[in-house]
Each structure stands twice: as structure tokens, then as C-alpha cells.
>>> print(open('run.txt').read())   # compact mmCIF, C-alpha atoms
# COMPACT_ATOMS: atom_id res chain seq x y z
CA MET C 1 -0.69 5.10 49.19
CA ASP C 2 2.20 2.82 50.11
CA VAL C 3 4.52 2.61 47.07
CA ARG C 4 7.26 0.01 47.36
CA LEU C 5 10.32 0.47 45.17
CA HIS C 6 13.26 -1.86 44.81
CA HIS C 7 16.25 0.32 44.08
CA ALA C 8 18.59 -0.95 41.41
CA PRO C 9 22.27 -0.48 42.11
CA GLY C 10 23.23 3.10 41.35
CA LEU C 11 19.64 4.37 41.30
CA SER C 12 19.76 7.96 42.57
CA THR C 13 17.40 9.46 45.11
CA ARG C 14 16.11 11.83 42.38
CA ALA C 15 15.35 8.87 40.08
CA ALA C 16 13.55 7.11 42.92
CA LEU C 17 11.43 10.21 43.45
CA LEU C 18 10.59 10.29 39.74
CA ILE C 19 9.51 6.66 39.90
CA ALA C 20 7.40 7.36 42.95
CA GLY C 21 5.76 10.24 41.09
CA GLY C 22 5.08 7.98 38.13
CA LEU C 23 3.42 5.40 40.37
CA ALA C 24 1.31 8.14 41.90
CA LEU C 25 0.00 8.89 38.42
CA LEU C 26 -0.69 5.21 37.86
CA ALA C 27 -2.61 5.12 41.12
CA GLY C 28 -5.20 7.42 39.56
CA CYS C 29 -6.10 4.49 37.33
CA THR C 30 -5.98 1.84 40.07
CA ASP C 31 -8.32 -1.04 39.47
CA PRO C 32 -11.20 -1.33 41.94
CA GLY C 33 -10.62 -3.61 44.89
CA THR C 34 -13.28 -6.02 43.78
CA GLU C 35 -12.64 -7.36 40.31
CA GLU C 36 -15.49 -8.01 37.93
CA PRO C 37 -15.80 -11.60 36.75
CA PRO C 38 -14.12 -12.29 33.42
CA GLU C 39 -16.21 -11.57 30.34
CA GLU C 40 -17.21 -14.45 28.08
CA GLN C 41 -16.02 -12.68 24.95
CA PRO C 42 -12.23 -12.18 24.72
CA ARG C 43 -11.26 -8.56 25.28
CA PRO C 44 -9.03 -7.01 22.60
CA VAL C 45 -5.56 -5.99 23.83
CA GLN C 46 -2.23 -4.90 22.45
CA THR C 47 0.79 -6.90 23.55
CA LEU C 48 4.57 -6.94 23.53
CA VAL C 49 6.64 -10.15 23.44
CA LEU C 50 9.84 -9.77 25.46
CA ASP C 51 13.09 -11.04 24.02
CA GLU C 52 16.45 -11.48 25.68
CA PRO C 53 17.52 -8.56 27.88
CA ASP C 54 19.81 -7.30 25.12
CA ARG C 55 16.92 -4.91 24.50
CA LEU C 56 15.50 -6.68 21.46
CA ALA C 57 11.70 -6.40 21.43
CA GLU C 58 9.32 -8.21 19.10
CA ARG C 59 5.97 -6.87 17.96
CA ARG C 60 3.42 -8.44 15.62
CA PHE C 61 0.83 -6.63 13.51
CA THR C 62 -1.76 -8.10 11.15
CA GLY C 63 -2.91 -6.87 7.76
CA ARG C 64 -3.72 -8.06 4.26
CA ILE C 65 -1.29 -8.56 1.40
CA GLU C 66 -1.68 -6.19 -1.55
CA ALA C 67 0.02 -5.74 -4.89
CA ARG C 68 2.25 -2.69 -4.87
CA HIS C 69 1.35 -1.93 -8.49
CA ARG C 70 -2.27 -2.30 -9.53
CA ALA C 71 -4.18 -0.49 -12.25
CA TRP C 72 -7.61 -0.32 -13.79
CA VAL C 73 -7.28 -0.80 -17.55
CA SER C 74 -9.78 0.90 -19.87
CA PHE C 75 -10.46 1.54 -23.56
CA ARG C 76 -9.66 5.05 -24.78
CA VAL C 77 -12.63 4.85 -27.16
CA GLY C 78 -16.15 3.58 -26.58
CA GLY C 79 -18.01 0.83 -28.37
CA GLU C 80 -19.51 -2.62 -28.13
CA LEU C 81 -17.31 -5.23 -26.48
CA GLU C 82 -16.84 -7.79 -29.23
CA SER C 83 -14.53 -10.35 -27.61
CA VAL C 84 -12.92 -11.09 -24.25
CA HIS C 85 -9.51 -12.78 -24.12
CA ALA C 86 -8.69 -12.69 -20.38
CA GLU C 87 -10.69 -13.95 -17.41
CA ILE C 88 -10.38 -13.33 -13.67
CA GLY C 89 -7.33 -15.13 -12.31
CA ASP C 90 -5.49 -15.25 -15.63
CA ARG C 91 -1.85 -14.22 -15.63
CA VAL C 92 -0.95 -12.03 -18.58
CA ALA C 93 2.22 -10.53 -20.04
CA ALA C 94 2.82 -6.89 -20.88
CA GLY C 95 1.33 -6.11 -24.30
CA GLU C 96 -0.94 -9.16 -24.33
CA ARG C 97 -4.42 -8.51 -25.77
CA LEU C 98 -7.15 -8.55 -23.12
CA ALA C 99 -10.30 -7.61 -25.06
CA GLU C 100 -11.54 -6.00 -28.28
CA LEU C 101 -14.29 -3.60 -29.26
CA ASP C 102 -16.25 -3.80 -32.51
CA ASP C 103 -13.92 -1.85 -34.82
CA THR C 104 -16.16 -1.64 -37.91
CA ASP C 105 -16.73 2.13 -37.75
CA HIS C 106 -13.11 2.89 -36.94
CA ALA C 107 -11.81 0.67 -39.73
CA ARG C 108 -14.17 2.37 -42.20
CA GLU C 109 -12.95 5.78 -41.08
CA VAL C 110 -9.35 4.74 -41.69
CA ASP C 111 -10.18 3.48 -45.19
CA GLU C 112 -12.03 6.69 -46.08
CA LEU C 113 -9.26 8.96 -44.83
CA GLN C 114 -6.65 6.85 -46.62
CA ALA C 115 -8.50 7.33 -49.92
CA GLN C 116 -8.89 11.06 -49.31
CA LEU C 117 -5.21 11.37 -48.48
CA GLU C 118 -4.16 9.62 -51.67
CA ALA C 119 -6.32 12.02 -53.75
CA ALA C 120 -4.95 15.01 -51.85
CA GLN C 121 -1.39 13.85 -52.41
CA ALA C 122 -2.11 13.60 -56.15
CA ARG C 123 -3.45 17.15 -56.13
CA GLU C 124 -0.41 18.28 -54.18
CA ALA C 125 1.92 16.72 -56.74
CA TYR C 126 0.04 18.38 -59.62
CA ALA C 127 0.01 21.77 -57.85
CA ALA C 128 3.75 21.49 -57.19
CA THR C 129 4.40 20.79 -60.88
CA GLU C 130 2.23 23.72 -61.93
CA TYR C 131 4.06 25.99 -59.53
CA LEU C 132 7.46 25.03 -60.96
CA ARG C 133 6.20 25.70 -64.48
CA ALA C 134 4.75 29.06 -63.41
CA ALA C 135 8.08 30.00 -61.81
CA GLU C 136 9.82 29.45 -65.14
CA LEU C 137 7.19 31.32 -67.13
CA VAL C 138 7.18 34.34 -64.85
CA GLU C 139 10.94 34.65 -65.30
CA GLU C 140 10.35 34.69 -69.05
CA GLU C 141 7.51 37.15 -68.54
CA ALA C 142 5.21 34.66 -70.28
CA ILE C 143 2.66 34.94 -67.44
CA THR C 144 1.74 37.72 -65.03
CA ARG C 145 2.90 37.94 -61.45
CA SER C 146 -0.64 37.35 -60.22
CA GLU C 147 -0.84 34.10 -62.18
CA TYR C 148 2.42 33.01 -60.58
CA ASP C 149 1.08 33.93 -57.11
CA GLN C 150 -2.07 31.92 -57.76
CA ALA C 151 0.01 28.85 -58.68
CA ALA C 152 2.00 29.25 -55.47
CA ARG C 153 -1.19 29.58 -53.42
CA GLN C 154 -2.70 26.43 -55.00
CA ARG C 155 0.50 24.53 -54.23
CA ASP C 156 0.39 25.65 -50.57
CA GLU C 157 -3.31 24.80 -50.21
CA ALA C 158 -2.79 21.32 -51.68
CA ARG C 159 0.17 20.74 -49.37
CA ALA C 160 -1.84 21.87 -46.30
CA GLU C 161 -4.79 19.68 -47.26
CA ALA C 162 -2.55 16.62 -47.59
CA ALA C 163 -0.88 17.36 -44.23
CA SER C 164 -4.28 17.74 -42.52
CA LEU C 165 -5.51 14.45 -43.94
CA GLN C 166 -2.24 12.79 -42.93
CA ALA C 167 -2.77 13.91 -39.31
CA GLY C 168 -6.42 12.86 -39.38
CA LEU C 169 -5.46 9.44 -40.72
CA ALA C 170 -2.91 9.01 -37.91
CA LEU C 171 -5.58 9.79 -35.30
CA ALA C 172 -8.04 7.43 -36.96
CA ARG C 173 -5.44 4.67 -36.91
CA ASP C 174 -4.85 5.36 -33.21
CA ARG C 175 -8.59 5.10 -32.54
CA LEU C 176 -8.64 1.81 -34.43
CA ALA C 177 -5.74 0.53 -32.31
CA TYR C 178 -7.53 1.70 -29.14
CA THR C 179 -10.31 -0.82 -29.85
CA ARG C 180 -7.80 -3.47 -28.71
CA LEU C 181 -7.13 -3.44 -24.97
CA ARG C 182 -3.66 -4.64 -23.95
CA ALA C 183 -1.97 -5.31 -20.59
CA PRO C 184 0.35 -2.43 -19.58
CA PHE C 185 2.54 -4.73 -17.44
CA ASP C 186 2.94 -8.36 -16.39
CA GLY C 187 0.31 -9.30 -13.85
CA ALA C 188 -2.89 -11.14 -13.00
CA ILE C 189 -6.51 -10.23 -13.67
CA ALA C 190 -8.20 -9.42 -10.36
CA GLU C 191 -11.53 -8.11 -11.69
CA ARG C 192 -13.49 -7.70 -14.94
CA ARG C 193 -16.52 -5.41 -15.18
CA PHE C 194 -17.92 -5.99 -18.70
CA ASP C 195 -19.04 -9.00 -20.72
CA ALA C 196 -19.05 -9.51 -24.47
CA HIS C 197 -21.63 -7.49 -26.46
CA GLU C 198 -22.03 -4.89 -23.72
CA ALA C 199 -21.57 -1.20 -24.54
CA VAL C 200 -18.39 0.16 -22.97
CA PRO C 201 -17.99 3.94 -22.51
CA PRO C 202 -14.55 5.45 -23.16
CA GLN C 203 -12.20 5.52 -20.17
CA GLU C 204 -14.52 3.23 -18.19
CA PRO C 205 -12.48 0.65 -16.17
CA VAL C 206 -12.78 -2.84 -17.66
CA TYR C 207 -10.02 -4.90 -15.99
CA LEU C 208 -8.18 -4.60 -12.68
CA LEU C 209 -4.61 -5.78 -13.23
CA GLU C 210 -2.26 -6.52 -10.31
CA ASP C 211 1.49 -7.04 -10.46
CA LEU C 212 2.15 -10.20 -8.41
CA SER C 213 5.92 -9.80 -8.54
CA GLN C 214 5.85 -6.96 -5.99
CA LEU C 215 3.66 -7.69 -2.99
CA GLU C 216 3.47 -5.77 0.27
CA LEU C 217 1.68 -5.66 3.59
CA GLU C 218 0.42 -2.48 5.25
CA VAL C 219 0.08 -2.54 9.03
CA GLY C 220 -0.42 0.10 11.71
CA ILE C 221 2.06 0.42 14.56
CA PRO C 222 1.41 2.35 17.80
CA GLU C 223 3.36 5.44 18.74
CA GLU C 224 5.33 3.72 21.50
CA PHE C 225 6.86 1.45 18.85
CA ARG C 226 7.05 4.13 16.14
CA ILE C 227 9.76 5.98 18.07
CA TYR C 228 12.11 3.01 17.56
CA GLU C 229 11.90 3.23 13.75
CA ASP C 230 15.64 3.78 13.37
CA ARG C 231 16.36 0.73 15.54
CA LEU C 232 14.24 -1.82 13.66
CA ARG C 233 16.65 -4.67 12.95
CA HIS C 234 14.57 -7.34 11.33
CA VAL C 235 11.13 -7.89 9.85
CA GLU C 236 9.49 -10.98 8.41
CA VAL C 237 6.04 -11.72 7.03
CA ARG C 238 4.10 -14.78 8.18
CA VAL C 239 1.26 -16.08 5.99
CA PRO C 240 -0.88 -18.45 8.11
CA ALA C 241 -2.86 -19.87 5.16
CA LEU C 242 0.37 -21.12 3.60
CA ASP C 243 2.12 -21.90 6.90
CA ALA C 244 5.05 -19.96 5.46
CA VAL C 245 7.40 -17.17 6.48
CA PHE C 246 9.01 -14.74 4.03
CA PRO C 247 11.71 -12.12 4.60
CA GLY C 248 10.38 -8.57 4.65
CA ARG C 249 11.72 -5.10 3.97
CA ILE C 250 10.30 -1.88 5.39
CA ARG C 251 9.42 0.27 2.38
CA THR C 252 7.73 3.28 3.98
CA VAL C 253 6.88 4.50 7.48
CA GLY C 254 4.08 7.04 7.81
CA ILE C 255 4.59 10.32 9.65
CA ASP C 256 0.94 10.75 10.65
CA VAL C 257 -1.56 8.38 12.24
CA LEU C 258 -4.35 6.66 10.36
CA PRO C 259 -7.50 8.39 11.68
CA GLU C 260 -9.57 5.21 11.79
CA ARG C 261 -6.95 3.27 13.78
CA GLN C 262 -4.78 5.92 15.48
CA THR C 263 -1.66 4.05 14.40
CA TYR C 264 1.19 4.86 12.03
CA PRO C 265 1.06 3.10 8.64
CA VAL C 266 4.05 0.96 7.72
CA GLN C 267 4.39 -0.74 4.34
CA VAL C 268 6.42 -3.94 4.38
CA ALA C 269 7.55 -5.38 1.04
CA LEU C 270 7.84 -9.17 0.72
CA ALA C 271 11.44 -9.65 -0.38
CA ASP C 272 11.04 -13.04 -2.06
CA PRO C 273 7.40 -14.24 -2.32
CA ASP C 274 6.57 -17.41 -4.21
CA ASP C 275 3.64 -18.05 -6.55
CA ARG C 276 1.39 -19.16 -3.70
CA VAL C 277 1.22 -15.70 -2.14
CA LEU C 278 -1.75 -13.74 -3.46
CA PRO C 279 -3.28 -10.32 -2.80
CA GLY C 280 -5.97 -10.41 -0.13
CA MET C 281 -4.29 -13.06 2.03
CA THR C 282 -4.09 -12.34 5.76
CA ALA C 283 -0.51 -11.96 6.94
CA GLU C 284 1.39 -10.92 10.04
CA ALA C 285 4.37 -8.56 10.03
CA VAL C 286 6.80 -9.47 12.81
CA PHE C 287 9.14 -6.61 13.80
CA GLN C 288 12.19 -6.78 16.01
CA ALA C 289 13.56 -3.54 17.40
CA ASP C 290 16.76 -2.96 19.36
CA LEU C 291 15.62 -0.82 22.27
CA GLY C 292 19.15 0.01 23.37
CA PRO C 293 21.47 -1.16 26.15
CA GLY C 294 20.50 -1.54 29.78
CA GLU C 295 19.55 -4.03 32.46
CA GLY C 296 16.09 -5.46 32.56
CA PHE C 297 13.21 -5.07 30.13
CA ARG C 298 11.80 -1.80 28.79
CA VAL C 299 8.03 -1.76 28.29
CA PRO C 300 5.62 1.01 27.28
CA LEU C 301 4.38 3.08 30.21
CA THR C 302 0.85 2.03 29.25
CA ALA C 303 1.67 -1.54 30.32
CA LEU C 304 1.95 -0.54 34.00
CA HIS C 305 -0.78 -0.29 36.58
CA GLU C 306 -0.85 -0.35 40.36
CA HIS C 307 -2.39 -3.07 42.50
CA ASP C 308 -2.10 -3.39 46.29
CA GLY C 309 0.30 -0.46 46.27
CA GLU C 310 2.80 -2.12 43.93
CA PRO C 311 3.57 -1.83 40.21
CA ARG C 312 2.10 -4.66 38.14
CA VAL C 313 1.73 -5.74 34.54
CA TRP C 314 -0.62 -8.20 32.87
CA LEU C 315 0.94 -11.29 31.30
CA ARG C 316 -0.93 -13.14 28.53
CA ASP C 317 -0.52 -16.93 28.37
CA ASP C 318 -0.73 -19.29 25.41
CA ASP C 319 -4.50 -19.64 25.87
CA GLY C 320 -4.97 -15.87 25.71
CA ARG C 321 -5.80 -15.49 29.42
CA VAL C 322 -4.13 -12.83 31.57
CA GLN C 323 -2.60 -12.84 35.04
CA ARG C 324 -1.20 -9.99 37.11
CA GLN C 325 2.54 -9.96 37.63
CA ARG C 326 4.36 -7.88 40.24
CA VAL C 327 7.44 -6.19 38.78
CA GLU C 328 10.46 -4.28 40.02
CA LEU C 329 10.38 -0.77 38.60
CA LEU C 330 13.89 0.57 37.95
CA ALA C 331 13.30 3.74 35.96
CA LEU C 332 10.68 5.74 34.14
CA ASP C 333 10.84 8.10 31.21
CA ARG C 334 8.13 9.88 29.21
CA ASP C 335 7.08 6.83 27.19
CA SER C 336 8.47 3.71 28.84
CA ALA C 337 9.48 1.97 32.04
CA LEU C 338 12.57 -0.11 32.81
CA ILE C 339 11.63 -3.32 34.63
CA GLY C 340 14.04 -5.41 36.70
CA ASP C 341 12.72 -8.54 38.39
CA GLY C 342 9.34 -10.01 37.54
CA LEU C 343 9.65 -10.55 33.79
CA ASP C 344 11.37 -13.14 31.62
CA SER C 345 12.20 -13.30 27.95
CA GLY C 346 9.28 -14.72 25.99
CA ASP C 347 6.66 -13.16 28.27
CA GLU C 348 3.79 -11.52 26.40
CA VAL C 349 2.99 -8.25 28.20
CA VAL C 350 -0.30 -6.42 27.66
CA THR C 351 0.47 -2.83 26.61
CA ALA C 352 -3.01 -1.36 26.06
CA GLY C 353 -6.31 -1.91 27.85
CA VAL C 354 -4.69 -2.85 31.19
CA HIS C 355 -7.31 -1.06 33.33
CA HIS C 356 -10.19 -3.13 31.97
CA LEU C 357 -8.84 -6.62 32.70
CA ALA C 358 -9.43 -9.18 35.43
CA GLU C 359 -7.49 -12.27 36.54
CA GLY C 360 -7.93 -15.15 34.14
CA GLN C 361 -9.85 -13.06 31.62
CA PRO C 362 -9.69 -14.32 28.01
CA THR C 363 -8.21 -11.84 25.52
CA ARG C 364 -7.33 -11.53 21.87
CA ARG C 365 -4.76 -9.37 20.19
CA MET C 366 -6.06 -6.03 18.93
CA ASP C 367 -5.62 -6.97 15.26
CA PRO C 368 -8.89 -8.57 14.08
CA GLU C 369 -7.19 -11.56 12.43
CA ALA C 370 -4.83 -12.29 15.34
CA PRO C 371 -5.56 -15.04 17.95
>>> encode(input="run.txt", output="C-alpha cells")
Amino acid sequence: MDVRLHHAPGLSTRAALLIAGGLALLAGCTDPGTEEPPEEQPRPVQTLVLDEPDRLAERRFTGRIEARHRAWVSFRVGGELESVHAEIGDRVAAGERLAELDDTDHAREVDELQAQLEAAQAREAYAATEYLRAAELVEEEAITRSEYDQAARQRDEARAEAASLQAGLALARDRLAYTRLRAPFDGAIAERRFDAHEAVPPQEPVYLLEDLSQLELEVGIPEEFRIYEDRLRHVEVRVPALDAVFPGRIRTVGIDVLPERQTYPVQVALADPDDRVLPGMTAEAVFQADLGPGEGFRVPLTALHEHDGEPRVWLRDDDGRVQRQRVELLALDRDSALIGDGLDSGDEVVTAGVHHLAEGQPTRRMDPEAP
């Protein structure tokens, strides 16, 4: 295999040998001499848009906007849904009433316990008076000690009965209050599962409430970009449906890959969304990472392949079609390659799927919503 290397100034013989070894590995995945005709359906690829050679790289990832805080709201008690005050799409304030259950039984229980408590409190007052009188009489030896003890016991029993009924009344009042469902925070109704006059079990979700003041986008980034987490300089969120761009803020970066996508989850908070942005909208997180100083462009090692004995990359044009581009390979490390001549800022380089492409083949970005 004839490997042609263009040595950058100062490139050592050892570095050149390392590059040659890297190209030898790439040769194991050399495309066949005869290319297959382009497929009709665009092939999914991952790409990297090159910025100025100050080592600033831009990557785009697609996902759907979600509310950071969302909660299913349910009644603590069961019953028949008597009235509904909030519909899907309504915006509600914290504490606002959403729905009510038939409270007839609970209201009756409160009334009954209230009456029982009042009678018990009267008995408690009488028993307390009798105890005080017995305490005086026992000092005068007008009654026996056992009669005094009985008066004390009756006072304690009346007091305990009143306290028990007081606690029971408090619980009954809570159950009565639980027949009214209220919003726990400001938000919008995303879903409602029950209609009026339906039986609702306790703790069964009735409304899905979403806080629209804190929206975020979760996307998956590949490992070759994950290593530059500490160098991410800027992120913004593009919402195609609104033709709008909003500043973003990286909230969390996962430390393990998502099994279904083999990418690392990143949650990007929208710093200042307006009222038009809603959960469920497709959006694109645009990251810019400073890849460090150096001449030329650094691309993932997966972007390279060999063709006719020389290192090449695939460039994707505005129509989504790809063409091979010969590049000057300056250096290799474990995850990336430093490219000299052959690339310009603004080029979109294919970084995954390079061994399954043909000249002029139509492609689409790996994210399902991306062009």
C-alpha cells in the first residue's frame, strides 16, 4: 500500500511513522475499487461543521422540547367527579382549583364528628368540674379516696374522648378538602384522563401539569464530542417551527451512554423562551466547542478513510450529497486526526458511516428530524 504523507513543518519521523500506522489501520476498511451506485433513499450520517482554524467546532443535535417540571395531579380520596374547571391547554396558577369530587359523604362525616365533639367537650367540662369538687371533698374527708379516684378517671376519659374526636374531625376536614383538586404550581394542562360523573379512584392521575417557565431539550452527543465537555463555549437552541433561536445553557451532561442510541445525554435549558415555545416541539441544540490551539482542523478519527492510497474524508454539500476530499494528514491521536490542506471553514465533514458511502450519494443527518 502506497501511503503518501505531507509532512507539516516540525513533524518528527516518529510522528510520521505513527500516521503511517494509522493509515494502515484505515486501509483495513478501504472502500472497494468499484463503487456501488448511490441509493435512492438518503443514508443517515453524522457530521461535523468546521469553523475557523482557531479550533472552534460546531455540532448540531436534534431532540424535542420538554418541561423540566411536570407532574401528574391526583385526588387523595376517591369519588365521583362532580365538576371540571380546567381543560387541556389551559394555563393555571398555583392553588387554582382544577376539579371537584362529590363531597356529600365527606361533608356529612364532618358534621357528625363536629356534633360528637361538641357533646364530648361538654362531658369533659362536666367531668373536670366534678373532679375539682371531689378534690376538695377528699381533703375534707367527705368522700373516700376511691370516689376521688373515680372522678379523676372520668375526667381523664372525657378528655381523651374529646381529643380523639378532635383528631378525627381534623382528618375528616382534610378528606373534605381533598375532594377539591388544586394546581401545585403555575403551569399548563397537558392531559386530562377523567370526565365529569366518572368514578375516580384515590391517587389515580387526573391531570398532567407542565411548568412552561422552565423548558429544556435533551439530546445525545457522541463520545468523540463528549470528551470536549469542559471546552464547550456556547450553545443555542433553534426551533424550526417558530423560525427562532434562543440562548441555551447546559444543565446536565450524562456520564453513561443511552443504550438505545449509544450517545451521552445532555440536557440544555432554554435561557429565555417566549410564550410560543411549547413542550413537544422539535428543536436543534447547536454546540460550539474550543478544540484547543493548533494549525489545521481536528476531526474525529472516524471521519477518515483511505482511497487510492491517500487519506480522504467525505464532504456533505447543501443538497445533502457527499463527495470525497483528499486531505493532508498532519497528526493522529487516539480519537482524532489533525488535518492540514484539503478542508476549509464551513465544510460539513461526515464523521460516521464513511465506509458505506459513494460519490454523489444523498444523505441525511443521523437525527431523525434533521435534513
>>> residues_near_point(input="run.txt", point="(8.9, -15.0, 9.8)", cutoff="10 Å", atoms="all atoms listed in the file", output="mmCIF file with C-alpha atoms, keeping the file's coordinate frame")
data_model
loop_
_atom_site.group_PDB
_atom_site.id
_atom_site.type_symbol
_atom_site.label_atom_id
_atom_site.label_comp_id
_atom_site.auth_asym_id
_atom_site.auth_seq_id
_atom_site.Cartn_x
_atom_site.Cartn_y
_atom_site.Cartn_z
ATOM 1 C CA HIS C 234 14.570 -7.340 11.330
ATOM 2 C CA VAL C 235 11.130 -7.890 9.850
ATOM 3 C CA GLU C 236 9.490 -10.980 8.410
ATOM 4 C CA VAL C 237 6.040 -11.720 7.030
ATOM 5 C CA ARG C 238 4.100 -14.780 8.180
ATOM 6 C CA VAL C 239 1.260 -16.080 5.990
ATOM 7 C CA ALA C 244 5.050 -19.960 5.460
ATOM 8 C CA VAL C 245 7.400 -17.170 6.480
ATOM 9 C CA PHE C 246 9.010 -14.740 4.030
ATOM 10 C CA PRO C 247 11.710 -12.120 4.600
ATOM 11 C CA GLY C 248 10.380 -8.570 4.650
ATOM 12 C CA GLU C 284 1.390 -10.920 10.040
ATOM 13 C CA ALA C 285 4.370 -8.560 10.030
ATOM 14 C CA VAL C 286 6.800 -9.470 12.810
ATOM 15 C CA PHE C 287 9.140 -6.610 13.800
#
>>> residues_around(input="run.txt", residues="Gly280 (chain C)", least_positions_apart="6", cutoff="9 Å", atoms="all atoms listed in the file", output="list in words")
Arg64, Ile65, Glu66 and Ala67 of chain C
>>> atom_distance(input="run.txt", atom1="CA of Arg365 (chain C)", atom2="CA of Thr47 (chain C)")
6.9 Å
>>> residues_around(input="run.txt", residues="Val253 (chain C)", least_positions_apart="3", cutoff="8 Å", atoms="all atoms listed in the file", output="MDAnalysis selection string")
chainID C and resid 250 264:267
>>> atom_distance(input="run.txt", atom1="CA of Leu181 (chain C)", atom2="CA of Val277 (chain C)")
27.2 Å
>>> closest_residue(input="run.txt", among="C:Leu301, C:Val327, C:Met281, C:Val206", to="Trp72 (chain C)", atoms="only C-alpha atoms")
C:Val206
>>> residues_around(input="run.txt", residues="His85 (chain C)", least_positions_apart="5", cutoff="8 Å", atoms="all atoms listed in the file", output="ChimeraX atom specification")
/C:97-99
>>> atom_distance(input="run.txt", atom1="CA of Ala163 (chain C)", atom2="CA of Asp103 (chain C)")
25.1 Å
>>> axis_aligned_box(input="run.txt", around="region 261-272 of chain C", padding_each_side="6 Å", output="AutoDock Vina command-line options")
--center_x 2.2 --center_y -3.6 --center_z 6.7 --size_x 30.4 --size_y 31.0 --size_z 29.5
>>> closest_residue(input="run.txt", among="C:Leu338, C:Val354, C:Leu117, C:Tyr126", to="Ser164 (chain C)", atoms="all atoms listed in the file")
C:Leu117
>>> closest_residue(input="run.txt", among="C:Glu80, C:Glu109, C:Asp256, C:Asp335", to="Arg173 (chain C)", atoms="all atoms listed in the file")
C:Glu109
>>> closest_residue(input="run.txt", among="C:Leu212, C:Gln46, C:Ala115, C:His307", to="Arg364 (chain C)", atoms="only C-alpha atoms")
C:Gln46
>>> closest_residue(input="run.txt", among="C:Pro279, C:Pro240, C:Arg155, C:Asp51", to="Asp347 (chain C)", atoms="only C-alpha atoms")
C:Asp51
>>> closest_residue(input="run.txt", among="C:Asp308, C:Glu124, C:Asp318, C:Glu87", to="Ala162 (chain C)", atoms="all atoms listed in the file")
C:Glu124
>>> residues_around(input="run.txt", residues="Ala127 (chain C)", least_positions_apart="6", cutoff="9 Å", atoms="only C-alpha atoms", output="PDB file with C-alpha atoms, in the coordinates of the input")
ATOM      1  CA  ALA C 151       0.010  28.850 -58.680  1.00  0.00           C
ATOM      2  CA  ALA C 152       2.000  29.250 -55.470  1.00  0.00           C
ATOM      3  CA  GLN C 154      -2.700  26.430 -55.000  1.00  0.00           C
ATOM      4  CA  ARG C 155       0.500  24.530 -54.230  1.00  0.00           C
ATOM      5  CA  ASP C 156       0.390  25.650 -50.570  1.00  0.00           C
ATOM      6  CA  GLU C 157      -3.310  24.800 -50.210  1.00  0.00           C
ATOM      7  CA  ALA C 158      -2.790  21.320 -51.680  1.00  0.00           C
ATOM      8  CA  ARG C 159       0.170  20.740 -49.370  1.00  0.00           C
TER       9      ARG C 159
END
>>> residues_around(input="run.txt", residues="Glu328 (chain C)", least_positions_apart="2", cutoff="6 Å", atoms="all atoms listed in the file", output="list in words")
Ile339, Gly340 and Asp341 of chain C
